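Structure below is work-v6.txt: compact mmCIF, C-alpha atoms and all ligand atoms.
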```
# COMPACT_ATOMS: atom_id res chain seq x y z
CA GLN C 268 78.71 59.23 -28.37
CA SER C 269 75.15 59.49 -29.59
CA THR C 270 73.36 60.57 -32.77
CA ALA C 271 69.78 60.39 -34.01
CA VAL C 272 70.57 58.37 -37.14
CA LEU C 273 73.74 56.39 -37.70
CA ILE C 274 74.29 55.68 -41.39
CA ILE C 275 76.57 52.78 -42.28
CA GLY C 276 78.13 53.23 -45.73
CA ALA C 277 78.92 56.23 -47.91
CA GLY C 278 77.70 55.01 -51.30
CA PRO C 279 74.83 56.70 -53.15
CA ALA C 280 72.30 55.40 -50.58
CA GLY C 281 74.08 56.60 -47.44
CA LEU C 282 75.16 59.92 -48.89
CA VAL C 283 71.77 60.87 -50.31
CA LEU C 284 70.11 59.86 -47.04
CA GLY C 285 72.66 61.84 -45.02
CA ASN C 286 72.23 64.97 -47.11
CA LEU C 287 68.42 64.78 -46.97
CA LEU C 288 68.48 64.28 -43.20
CA LEU C 289 70.82 67.25 -42.70
CA ALA C 290 68.54 69.38 -44.86
CA ALA C 291 65.61 68.35 -42.64
CA GLY C 292 67.57 69.29 -39.52
CA VAL C 293 68.09 65.70 -38.35
CA ASP C 294 71.34 64.92 -36.58
CA CYS C 295 73.19 62.06 -38.28
CA THR C 296 76.62 60.45 -38.58
CA VAL C 297 77.94 58.48 -41.57
CA VAL C 298 80.62 55.84 -41.10
CA GLU C 299 82.44 54.45 -44.14
CA ARG C 300 85.01 51.71 -43.97
CA GLN C 301 86.92 52.84 -47.08
CA SER C 302 88.93 56.02 -47.59
CA ARG C 303 87.48 59.11 -49.22
CA ALA C 304 89.75 58.63 -52.28
CA HIS C 305 88.51 55.05 -52.65
CA VAL C 306 84.79 55.85 -52.71
CA GLU C 307 85.34 58.87 -54.97
CA GLN C 308 87.04 56.69 -57.59
CA ARG C 309 84.80 53.61 -57.55
CA ALA C 310 83.29 53.46 -61.05
CA ARG C 311 79.96 51.67 -61.29
CA ALA C 312 76.66 53.18 -62.38
CA GLY C 313 76.12 55.94 -64.87
CA PHE C 314 72.47 56.05 -65.85
CA LEU C 315 70.35 58.23 -63.61
CA ALA C 316 66.58 58.07 -63.96
CA ALA C 317 64.44 61.19 -64.22
CA HIS C 318 63.10 60.63 -60.70
CA THR C 319 66.63 60.42 -59.31
CA VAL C 320 67.57 63.70 -60.98
CA ARG C 321 64.40 65.31 -59.61
CA VAL C 322 65.16 64.23 -56.03
CA LEU C 323 68.77 65.39 -56.25
CA THR C 324 67.78 68.69 -57.86
CA GLU C 325 65.07 69.44 -55.27
CA HIS C 326 67.66 69.07 -52.52
CA GLY C 327 70.41 71.09 -54.15
CA LEU C 328 72.54 68.02 -54.86
CA ALA C 329 72.55 68.14 -58.64
CA ASP C 330 74.84 71.02 -59.66
CA GLY C 331 77.54 68.66 -60.92
CA LEU C 332 75.22 66.40 -62.84
CA HIS C 333 73.44 69.33 -64.48
CA MET C 334 76.79 70.87 -65.43
CA TYR C 335 78.62 67.76 -66.65
CA GLY C 336 75.97 65.05 -67.13
CA GLN C 337 74.79 64.15 -70.60
CA GLN C 338 71.17 63.57 -71.48
CA HIS C 339 70.41 60.30 -73.26
CA ASP C 340 67.12 59.54 -74.93
CA ILE C 341 67.90 56.91 -77.54
CA CYS C 342 68.90 53.29 -77.35
CA ALA C 343 69.55 50.86 -80.17
CA PHE C 344 69.15 47.12 -80.52
CA ARG C 345 71.31 45.19 -82.96
CA THR C 346 70.22 41.73 -84.04
CA ASP C 347 70.79 39.38 -86.97
CA SER C 348 68.11 41.20 -88.89
CA GLY C 349 69.58 44.69 -88.49
CA GLU C 350 69.39 47.58 -86.04
CA PHE C 351 66.40 49.45 -84.66
CA GLN C 352 66.43 52.49 -82.42
CA LEU C 353 63.99 53.57 -79.73
CA ALA C 354 63.87 57.31 -79.11
CA TYR C 355 62.50 56.70 -75.62
CA GLY C 356 62.60 60.39 -74.71
CA ALA C 357 59.60 60.76 -77.04
CA LEU C 358 57.84 57.60 -75.77
CA GLY C 359 56.11 56.66 -72.52
CA ARG C 360 56.29 59.57 -70.09
CA GLY C 361 58.81 61.39 -72.28
CA GLU C 362 61.59 61.08 -69.70
CA VAL C 363 65.32 60.85 -70.43
CA HIS C 364 68.38 59.51 -68.63
CA THR C 365 71.15 61.68 -67.31
CA VAL C 366 74.47 59.96 -67.71
CA TYR C 367 76.79 60.95 -64.89
CA PRO C 368 79.40 58.56 -63.48
CA GLN C 369 78.55 57.25 -60.02
CA GLN C 370 81.95 58.21 -58.63
CA ASP C 371 81.37 61.83 -59.68
CA LEU C 372 77.97 61.80 -57.99
CA VAL C 373 79.53 60.32 -54.85
CA ARG C 374 82.23 63.03 -54.91
CA ASP C 375 79.54 65.75 -55.16
CA LEU C 376 77.48 64.19 -52.36
CA VAL C 377 80.51 63.92 -50.04
CA ALA C 378 81.46 67.56 -50.71
CA GLU C 379 77.90 68.77 -50.08
CA PHE C 380 77.51 66.74 -46.89
CA LEU C 381 80.76 68.13 -45.48
CA ALA C 382 79.93 71.68 -46.62
CA ARG C 383 76.63 71.42 -44.70
CA GLY C 384 78.57 70.52 -41.58
CA GLY C 385 77.86 66.77 -41.72
CA ASP C 386 79.74 64.22 -39.60
CA LEU C 387 81.29 61.79 -42.10
CA ARG C 388 83.99 59.39 -40.92
CA PHE C 389 86.06 57.58 -43.53
CA ASP C 390 88.28 54.59 -42.72
CA THR C 391 85.75 53.69 -40.03
CA ALA C 392 84.21 50.25 -40.34
CA ALA C 393 81.04 49.21 -38.55
CA LEU C 394 81.74 45.85 -36.90
CA ARG C 395 78.59 45.00 -34.97
CA ILE C 396 75.08 46.31 -34.41
CA ASP C 397 73.28 45.73 -31.12
CA GLY C 398 70.08 46.82 -29.45
CA LEU C 399 67.86 46.86 -32.54
CA ASP C 400 64.92 45.64 -30.44
CA GLY C 401 65.52 48.04 -27.55
CA ASP C 402 65.25 51.75 -26.78
CA SER C 403 68.38 52.67 -28.69
CA ALA C 404 70.79 50.89 -30.98
CA SER C 405 74.55 50.78 -30.67
CA VAL C 406 77.12 50.18 -33.35
CA THR C 407 80.69 49.11 -32.64
CA VAL C 408 83.08 50.70 -35.11
CA ARG C 409 86.80 50.38 -35.78
CA THR C 410 88.30 53.87 -35.93
CA PRO C 411 91.19 54.84 -38.26
CA ASP C 412 93.69 54.31 -35.42
CA GLY C 413 92.49 50.69 -35.08
CA SER C 414 90.68 51.06 -31.78
CA GLU C 415 87.04 50.07 -31.23
CA ARG C 416 84.39 52.52 -30.25
CA LEU C 417 80.68 52.38 -29.47
CA LEU C 418 78.28 54.78 -31.21
CA HIS C 419 74.67 55.05 -30.00
CA ALA C 420 71.76 55.97 -32.24
CA ARG C 421 67.99 56.02 -32.19
CA TYR C 422 67.94 54.56 -35.69
CA VAL C 423 70.48 52.80 -37.88
CA ALA C 424 70.40 53.05 -41.68
CA GLY C 425 72.13 50.06 -43.26
CA CYS C 426 73.52 51.52 -46.49
CA ASP C 427 76.52 49.21 -46.63
CA GLY C 428 75.70 47.21 -49.73
CA GLN C 429 75.05 43.57 -50.32
CA HIS C 430 78.02 42.30 -48.30
CA GLY C 431 77.80 44.77 -45.43
CA ILE C 432 77.09 43.92 -41.82
CA SER C 433 73.57 45.40 -41.76
CA ARG C 434 71.96 42.51 -43.57
CA SER C 435 73.57 40.02 -41.26
CA ALA C 436 72.38 41.96 -38.19
CA VAL C 437 68.82 40.90 -39.01
CA PRO C 438 68.05 37.67 -37.12
CA ALA C 439 67.40 34.61 -39.25
CA GLY C 440 63.69 34.18 -39.80
CA ALA C 441 62.84 37.87 -39.28
CA VAL C 442 62.85 38.61 -43.00
CA ARG C 443 62.11 36.62 -46.13
CA HIS C 444 65.00 36.49 -48.55
CA TYR C 445 64.01 36.14 -52.22
CA ARG C 446 66.86 35.47 -54.63
CA ARG C 447 67.62 34.50 -58.17
CA ASP C 448 70.77 33.70 -60.08
CA HIS C 449 69.98 34.55 -63.69
CA GLY C 450 72.78 32.28 -64.89
CA VAL C 451 74.39 35.01 -66.99
CA SER C 452 77.67 36.85 -66.43
CA TRP C 453 79.06 39.99 -68.01
CA LEU C 454 82.62 41.14 -68.41
CA ALA C 455 82.12 44.80 -67.45
CA LEU C 456 84.72 47.04 -69.08
CA LEU C 457 85.64 50.68 -68.93
CA ALA C 458 87.52 51.79 -72.04
CA ALA C 459 89.55 54.98 -72.44
CA ALA C 460 87.69 55.85 -75.61
CA PRO C 461 84.91 58.20 -76.59
CA GLN C 462 81.56 56.65 -77.33
CA SER C 463 81.25 54.99 -80.73
CA MET C 464 77.63 55.85 -81.38
CA ALA C 465 75.12 58.35 -80.08
CA ALA C 466 72.89 55.73 -78.59
CA VAL C 467 73.29 53.09 -75.99
CA ALA C 468 73.52 49.91 -78.03
CA TYR C 469 72.50 46.40 -77.04
CA ALA C 470 73.79 43.72 -79.40
CA VAL C 471 71.97 40.40 -79.27
CA HIS C 472 74.29 37.80 -80.79
CA GLN C 473 74.46 34.01 -80.93
CA ASP C 474 77.97 34.22 -79.45
CA GLY C 475 76.70 36.26 -76.51
CA PHE C 476 75.40 39.70 -75.63
CA ALA C 477 77.52 42.85 -76.06
CA GLY C 478 76.63 46.33 -74.84
CA HIS C 479 77.90 49.87 -75.39
CA MET C 480 77.10 52.66 -72.95
CA ALA C 481 78.43 56.20 -72.98
CA ARG C 482 79.87 57.43 -69.69
CA SER C 483 81.90 60.61 -70.33
CA PRO C 484 83.67 62.18 -73.32
CA GLU C 485 86.79 60.14 -72.52
CA VAL C 486 85.36 56.90 -71.13
CA THR C 487 82.86 54.36 -72.49
CA ARG C 488 81.42 51.34 -70.74
CA TYR C 489 81.21 48.07 -72.65
CA TYR C 490 79.80 44.73 -71.61
CA LEU C 491 80.55 41.29 -73.03
CA GLN C 492 78.62 38.24 -71.91
CA CYS C 493 81.10 35.67 -70.65
CA ASP C 494 81.13 32.33 -68.84
CA ALA C 495 80.56 32.40 -65.09
CA GLY C 496 83.83 32.15 -63.23
CA THR C 497 85.81 33.80 -66.05
CA ASP C 498 89.09 35.36 -64.95
CA PRO C 499 88.80 38.94 -66.27
CA GLY C 500 92.58 38.97 -66.82
CA SER C 501 92.28 36.11 -69.31
CA TRP C 502 90.72 38.46 -71.88
CA THR C 503 93.53 40.28 -73.72
CA HIS C 504 93.10 43.78 -75.11
CA ASP C 505 92.97 42.39 -78.67
CA ARG C 506 90.46 39.68 -77.81
CA ILE C 507 88.16 42.20 -76.11
CA TRP C 508 88.08 44.54 -79.09
CA ALA C 509 87.81 41.72 -81.65
CA GLU C 510 84.85 40.27 -79.75
CA LEU C 511 83.18 43.67 -79.34
CA HIS C 512 83.52 44.37 -83.08
CA HIS C 513 82.20 40.92 -83.89
CA ARG C 514 79.17 40.95 -81.57
CA MET C 515 78.31 44.62 -82.22
CA ARG C 516 78.48 43.75 -85.95
CA ALA C 517 80.86 46.60 -86.67
CA ASP C 518 81.22 45.40 -90.27
CA ARG C 519 77.57 46.35 -90.84
CA HIS C 520 77.12 49.30 -88.49
CA GLY C 521 80.54 50.94 -88.39
CA PRO C 522 83.71 50.44 -86.34
CA LEU C 523 84.10 51.09 -82.62
CA ARG C 524 86.55 53.65 -81.29
CA GLU C 525 89.14 51.64 -79.43
CA GLY C 526 91.14 52.60 -76.37
CA GLY C 527 92.94 51.12 -73.40
CA ILE C 528 90.91 49.01 -70.97
CA LEU C 529 90.88 50.97 -67.71
CA GLU C 530 88.89 48.51 -65.65
CA ARG C 531 87.52 45.02 -66.11
CA ARG C 532 85.50 42.86 -63.79
CA VAL C 533 83.05 40.02 -64.07
CA VAL C 534 79.53 40.77 -62.85
CA ASP C 535 77.15 37.86 -62.33
CA MET C 536 73.52 38.69 -63.02
CA ARG C 537 72.02 38.02 -59.63
CA SER C 538 69.10 39.59 -57.85
CA ASP C 539 67.74 39.40 -54.37
CA VAL C 540 65.13 41.18 -52.31
CA LEU C 541 64.63 41.21 -48.56
CA ASP C 542 61.10 41.57 -47.20
CA PRO C 543 60.62 43.56 -45.07
CA ILE C 544 63.59 45.88 -45.43
CA GLN C 545 63.36 46.92 -41.81
CA TYR C 546 64.05 45.17 -38.55
CA GLY C 547 63.42 47.08 -35.32
CA ARG C 548 65.58 50.22 -35.40
CA LEU C 549 67.44 49.11 -38.52
CA PHE C 550 66.39 50.24 -42.00
CA LEU C 551 68.06 48.70 -45.05
CA VAL C 552 68.64 50.96 -48.04
CA GLY C 553 70.13 50.47 -51.54
CA ASP C 554 72.02 47.27 -52.32
CA ALA C 555 71.72 46.27 -48.65
CA ALA C 556 67.93 46.09 -49.10
CA GLY C 557 68.11 44.24 -52.38
CA LEU C 558 70.51 43.59 -55.17
CA ILE C 559 69.41 44.12 -58.73
CA SER C 560 71.29 42.85 -61.75
CA PRO C 561 72.78 45.79 -63.71
CA SER C 562 70.91 44.74 -66.88
CA ALA C 563 68.54 47.70 -66.62
CA ALA C 564 70.73 50.13 -64.67
CA LYS C 565 68.39 50.40 -61.69
CA GLY C 566 70.54 49.83 -58.57
CA ALA C 567 71.69 53.37 -57.81
CA ASN C 568 68.28 54.74 -58.78
CA LEU C 569 66.50 52.45 -56.33
CA ALA C 570 69.01 53.52 -53.67
CA VAL C 571 68.07 57.19 -54.18
CA MET C 572 64.33 56.42 -54.20
CA GLU C 573 64.58 54.47 -50.93
CA SER C 574 66.77 57.13 -49.31
CA GLU C 575 64.20 59.79 -50.08
CA ILE C 576 61.34 57.77 -48.60
CA LEU C 577 63.36 56.87 -45.51
CA ALA C 578 64.56 60.46 -44.97
CA ARG C 579 60.96 61.64 -44.96
CA GLY C 580 59.91 58.97 -42.47
CA LEU C 581 62.84 59.61 -40.13
CA ALA C 582 62.45 63.40 -40.26
CA ASP C 583 58.76 63.05 -39.46
CA ARG C 584 59.34 60.66 -36.55
CA LEU C 585 62.28 62.54 -35.07
CA GLY C 586 60.43 65.83 -35.51
CA GLY C 587 57.67 64.56 -33.21
CA GLY C 588 55.40 62.84 -35.74
CA ASP C 589 53.44 59.69 -34.93
CA GLY C 590 55.87 57.42 -36.78
CA GLN C 591 53.36 56.11 -39.29
CA LEU C 592 55.38 57.29 -42.26
CA LEU C 593 58.47 55.58 -40.94
CA ALA C 594 56.55 52.40 -40.20
CA ARG C 595 55.46 52.32 -43.84
CA TYR C 596 59.03 52.54 -45.23
CA SER C 597 59.26 48.91 -46.26
CA ALA C 598 55.70 48.69 -47.59
CA ASP C 599 56.20 51.90 -49.60
CA CYS C 600 59.47 50.75 -51.17
CA LEU C 601 58.88 47.09 -51.92
CA PRO C 602 56.33 47.43 -54.76
CA ARG C 603 58.74 49.78 -56.56
CA ILE C 604 61.65 47.43 -55.93
CA TRP C 605 59.67 44.54 -57.43
CA ARG C 606 58.68 46.62 -60.48
CA ALA C 607 62.35 47.35 -61.10
CA GLN C 608 63.23 43.69 -60.56
CA GLU C 609 60.56 42.63 -63.02
CA PHE C 610 61.85 44.98 -65.72
CA SER C 611 65.42 43.99 -65.06
CA HIS C 612 64.50 40.33 -65.39
CA TRP C 613 62.63 41.06 -68.63
CA MET C 614 65.72 42.88 -69.97
CA ILE C 615 67.88 39.85 -69.20
CA ASN C 616 65.52 37.68 -71.24
CA LEU C 617 65.48 40.25 -74.02
CA LEU C 618 69.26 40.43 -74.27
CA HIS C 619 70.30 36.81 -73.71
CA GLY C 620 69.19 33.62 -75.34
CA PRO C 621 70.33 30.18 -74.30
CA SER C 622 73.01 28.56 -76.44
CA GLY C 623 72.77 25.06 -77.86
CA ASP C 624 70.48 23.27 -80.29
CA ASP C 625 68.24 21.30 -77.99
CA ASP C 626 64.49 21.86 -78.34
CA GLU C 627 64.16 24.11 -75.31
CA ALA C 628 67.06 26.39 -76.30
CA VAL C 629 65.69 26.77 -79.83
CA PHE C 630 62.21 27.51 -78.44
CA LEU C 631 63.50 30.12 -75.99
CA ARG C 632 65.56 31.85 -78.69
CA ALA C 633 62.44 32.04 -80.86
CA LEU C 634 60.61 33.71 -77.95
CA GLN C 635 63.49 36.15 -77.58
CA ARG C 636 63.25 37.04 -81.27
CA ALA C 637 59.49 37.56 -80.94
CA ARG C 638 60.06 39.81 -77.92
CA LEU C 639 62.53 41.95 -79.87
CA GLU C 640 60.21 42.16 -82.87
CA SER C 641 57.33 43.22 -80.69
CA LEU C 642 59.49 45.98 -79.24
CA ARG C 643 60.57 47.03 -82.72
CA ASP C 644 57.05 47.09 -84.18
CA SER C 645 54.54 47.91 -81.45
CA ARG C 646 54.20 51.52 -80.34
CA ARG C 647 52.39 50.42 -77.17
CA HIS C 648 55.14 48.03 -76.30
CA GLN C 649 57.64 50.83 -76.85
CA ASP C 650 55.71 53.18 -74.54
CA HIS C 651 55.65 50.51 -71.85
CA PHE C 652 59.37 49.88 -72.34
CA ALA C 653 60.20 53.60 -72.10
CA GLU C 654 58.19 54.04 -68.88
CA ASN C 655 60.05 51.20 -67.22
CA TYR C 656 63.44 51.89 -68.77
CA VAL C 657 63.70 55.43 -67.39
CA GLY C 658 61.20 55.14 -64.56
CA ILE C 659 61.60 53.92 -61.05
P1 LIG C 701 77.43 50.88 -52.42
O1 LIG C 701 77.65 51.84 -53.54
O2 LIG C 701 78.00 49.51 -52.55
O3 LIG C 701 77.96 51.56 -51.09
C1 LIG C 701 78.03 50.83 -49.88
C2 LIG C 701 79.10 51.47 -49.04
O4 LIG C 701 79.15 50.83 -47.76
C3 LIG C 701 80.52 50.69 -47.39
N1 LIG C 701 80.58 49.62 -46.37
C4 LIG C 701 80.80 49.85 -45.05
N2 LIG C 701 81.01 50.99 -44.37
C5 LIG C 701 81.21 50.89 -43.03
N3 LIG C 701 81.20 49.70 -42.36
C6 LIG C 701 80.99 48.55 -43.01
N4 LIG C 701 80.97 47.40 -42.34
C7 LIG C 701 80.77 48.60 -44.42
N5 LIG C 701 80.52 47.66 -45.37
C8 LIG C 701 80.41 48.30 -46.54
C9 LIG C 701 81.20 50.35 -48.69
O5 LIG C 701 82.61 50.59 -48.63
C10 LIG C 701 80.48 51.30 -49.66
O6 LIG C 701 81.13 52.56 -49.73
O7 LIG C 701 75.87 50.67 -52.14
P2 LIG C 701 74.60 51.69 -52.29
O8 LIG C 701 74.92 53.01 -51.67
O9 LIG C 701 73.44 50.91 -51.87
O10 LIG C 701 74.54 52.00 -53.87
C11 LIG C 701 74.18 50.98 -54.77
C12 LIG C 701 74.87 51.23 -56.13
O11 LIG C 701 76.26 51.40 -55.91
C13 LIG C 701 74.61 50.08 -57.10
O12 LIG C 701 73.28 49.63 -56.99
C14 LIG C 701 74.86 50.50 -58.56
O13 LIG C 701 76.22 50.77 -58.79
C15 LIG C 701 74.36 49.43 -59.53
N6 LIG C 701 74.70 49.77 -60.94
C16 LIG C 701 73.97 50.68 -61.64
N7 LIG C 701 72.92 51.32 -61.04
C17 LIG C 701 72.23 52.27 -61.71
O14 LIG C 701 71.27 52.83 -61.15
N8 LIG C 701 72.57 52.66 -62.99
C18 LIG C 701 73.62 52.07 -63.66
O15 LIG C 701 73.93 52.47 -64.79
C19 LIG C 701 74.35 51.01 -62.99
N9 LIG C 701 75.40 50.41 -63.58
C20 LIG C 701 75.81 49.14 -61.54
C21 LIG C 701 76.13 49.48 -62.89
C22 LIG C 701 76.60 48.20 -60.86
C23 LIG C 701 77.66 47.59 -61.50
N10 LIG C 701 78.42 46.64 -60.78
C24 LIG C 701 79.78 46.85 -60.50
C25 LIG C 701 77.73 45.65 -60.02
C26 LIG C 701 77.19 48.87 -63.53
C27 LIG C 701 77.96 47.90 -62.85
C28 LIG C 701 79.10 47.24 -63.60
```
Rewrite the coordinates I just gave you, this time as structure tokens.
Amino acid sequence: QSTAVLIIGAGPAGLVLGNLLLAAGVDCTVVERQSRAHVEQRARAGFLAAHTVRVLTEHGLADGLHMYGQQHDICAFRTDSGEFQLAYGALGRGEVHTVYPQQDLVRDLVAEFLARGGDLRFDTAALRIDGLDGDSASVTVRTPDGSERLLHARYVAGCDGQHGISRSAVPAGAVRHYRRDHGVSWLALLAAAPQSMAAVAYAVHQDGFAGHMARSPEVTRYYLQCDAGTDPGSWTHDRIWAELHHRMRADRHGPLREGGILERRVVDMRSDVLDPIQYGRLFLVGDAAGLISPSAAKGANLAVMESEILARGLADRLGGGDGQLLARYSADCLPRIWRAQEFSHWMINLLHGPSGDDDEAVFLRALQRARLESLRDSRRHQDHFAENYVGI
């Protein structure tokens, strides 16, 4: 069986790419190793950048997020010396976030792809990719009945995340792999509770960072910095809420609305970037192209940006164009990926200071305080922050 573009993975990257290709009249097939129910329930991102919303709206993929998403334009920072808010919707380019849970977006994208007649195969894992250097590529997949099957394609889009097979299909030495472990881990929590404040709040605390992020009227995301290797189950309900109240300084700023913990997992702040994000007939998109720590909520937004650029290149090439657009995919995406990485890295240093009383730790914490004060006091710094915080 043969298709023009075989897309591996039905996360935000694969589904946006698939929908954009269908809209451009390009034949494509999406294979996803998980079930439909699984991908439609996987809670991760929530903050969509203005550019992401624009791309989705232009392609008729944003009905759900316009109907149910919430607009956010304020974030707050809590430190020892009090709280300050940044109304970033009135700073920088004046853009806001749309908060819409990733699983809801995925559900909308699946429905739209199927409604447009797309070929989307759940419970179908890609096992091996061959022929990336030749005239056509082939992907061996395991079908839902357990048998193996060969799918041929002119191009393969690797949208299968950081641990997918696409990355490993690139021969060693063909790409440069940049990586960094930021040495910080977060306990990422979803609580069955409405948000406790209008703004997103980042609490910088000597006992570790804590974050509050609205998701939906019933669910709020919280983060607690924790030790690497922490067993998420070792944090009891009471300990989680006591620590959140403590680090968010609820005694000074008001109590949090508590609720059951629906999901908990430890996320290590790690980043990596591949360069180039193409090898022969294979194009890497989203987390497969590079992982970005969730400190600045950029991952899903980068996935949408890359999908849009790749869809344009593929549609041009497969529509008889000279292929120059497609050849530029990696070069067009990488500067934006690095900008997002830079901001994300800066956010990590804004939100976390080293512990301990040795000279270097004390020095770095003083820099962190200066960084926060500059953000609190300098309008230009705030404009720069806003552009990067919402932009991609
Ligand atoms: P995904 O979403 O991981 O989807 C990859 C898909 O590929 C499938 N797959 C395979 N399918 C077939 N064959 C194989 N061999 C396969 N191997 C894998 C997988 O089952 C899966 O369905 O990657 P994609 O599409 O690149 O999307 C990336 C985003 O999911 C990710 O960057 C974001 O969730 C990151 N992120 C955030 N991004 C934002 O833009 N805003 C946020 O607010 C935000 N918050 C977050 C986040 C990530 C978090 N975690 C869990 C790391 C918050 C958290 C806690």
d(CA of Arg516 in chain C, CA of Phe351 in chain C) in Å: 13.4 Å
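Between Glu530 in chain C and the residues C:Tyr546, C:Tyr490, C:Tyr596, C:Phe344, the shortest atom-to-atom distance, using all atoms listed in the file, involves C:Tyr490.
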Long-range neighbours of range 642-650 of chain C as a ChimeraX atom specification, 7 Å cut-off, only C-alpha atoms, 3 positions minimum in chain: /C:351,358-359,638-639,653-654
Distance criterion (only C-alpha atoms and all ligand atoms): nearest to ligand LIG 701 (chain C) out of C:Gly587, C:Gly547, C:Pro438, C:Gly658: C:Gly658
To test the calculation: enclose all listed atoms of range 342-349 of chain C in a box whose edges run along x, y and z, add 3 Å on each side, then state centre and edge lengths in Å to one decimal, as AutoDock Vina command-line options.
```
--center_x 69.7 --center_y 46.3 --center_z -83.1 --size_x 9.2 --size_y 19.9 --size_z 17.5
```
Range 288-305 of chain C environment, 7 Å, all atoms listed in the file, sequence neighbours closer than 2 positions dropped, as a list in words: Thr270, Ala271, Val272, Leu273, Ile274, Ile275, Gly276, Ala277, Leu284, Gly285, Asn286, Glu307, Gln308, Arg309, Asp386, Leu387, Arg388, Phe389, Asp390, Thr391, Ala392, Ala578 and Ala582 of chain C
Surrounding residues of His612 in chain C excluding itself and chain neighbours under 5 positions, 12 Å, all atoms listed in the file, as an NGL selection string: :C and (447-451 or 536-539 or 559-565 or 605-607 or 617-619 or 655)
Nearest to Glu510 in chain C by atom-to-atom distance, counting all atoms listed in the file, from C:Arg579, C:Arg345, C:Arg383, C:His472: C:His472
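Proximity to ligand LIG 701 (chain C) was assessed for C:Arg488, C:His419, C:His479, C:Arg584 counting only C-alpha atoms and all ligand atoms; the smallest distance is recorded for C:Arg488.
CA of Pro368 in chain C is found 20.3 Å from CA of Val552 in chain C.
The nearest approach to ligand LIG 701 (chain C) among the residues C:Ile507, C:Val437, C:Leu315, C:Ala420, with all atoms listed in the file taken into account, belongs to C:Leu315.
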If we count only C-alpha atoms, what is near Asp498 in chain C at a cut-off of 10 Å, once residues fewer than 6 positions away on the same chain are taken out, given as a compact mmCIF listing (two decimals) with C-alpha atoms, keeping the file's coordinate frame?
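Saved to part_24.txt:
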```txt
# COMPACT_ATOMS: atom_id res chain seq x y z
CA LEU C 454 82.62 41.14 -68.41
CA ARG C 531 87.52 45.02 -66.11
CA ARG C 532 85.50 42.86 -63.79
CA VAL C 533 83.05 40.02 -64.07
```
Atom pair CA of Ala555 in chain C / CA of Arg434 in chain C: separation (Å): 6.3 Å
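Residue nearest ligand LIG 701 (chain C) within the list C:Gly440, C:Gly327, C:Pro461, C:Gly431: C:Gly431 [criterion: smallest interatomic distance, only C-alpha atoms and all ligand atoms].
Those DNA, RNA and protein residues that approach the point (78.5, 53.1, -59.2) to within 9 Å, considering all atoms listed in the file, are Gly278, Pro279, Arg309, Ala310, Arg311, Ala312, Gly313, Pro368, Gln369, Gln370, Leu372, Val373, Gly566 and Ala567 of chain C.
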Thr319 in chain C environment, 12 Å, all atoms listed in the file, sequence neighbours closer than 6 positions dropped, as a PyMOL selection string: chain C and resi 279-280+283+313+325-326+328-329+332+362-367+372+565-575+657-659
Range 547-657 of chain C near range 402-417 of chain C within 12 Å: what's each residue's closest atom pair and its distance in Å to one decimal, counting all atoms listed in the file, ordered by chain then ascending residue number, as a Markdown table?
```
| residue | atom | partner | partner_atom | distance |
| --- | --- | --- | --- | --- |
| C:Gly547 | CA | C:Ala404 | CA | 9.4 |
| C:Arg548 | CA | C:Ala404 | CA | 6.9 |
| C:Leu549 | CA | C:Ala404 | CA | 8.4 |
| C:Phe550 | CA | C:Ala404 | CA | 11.9 |
```
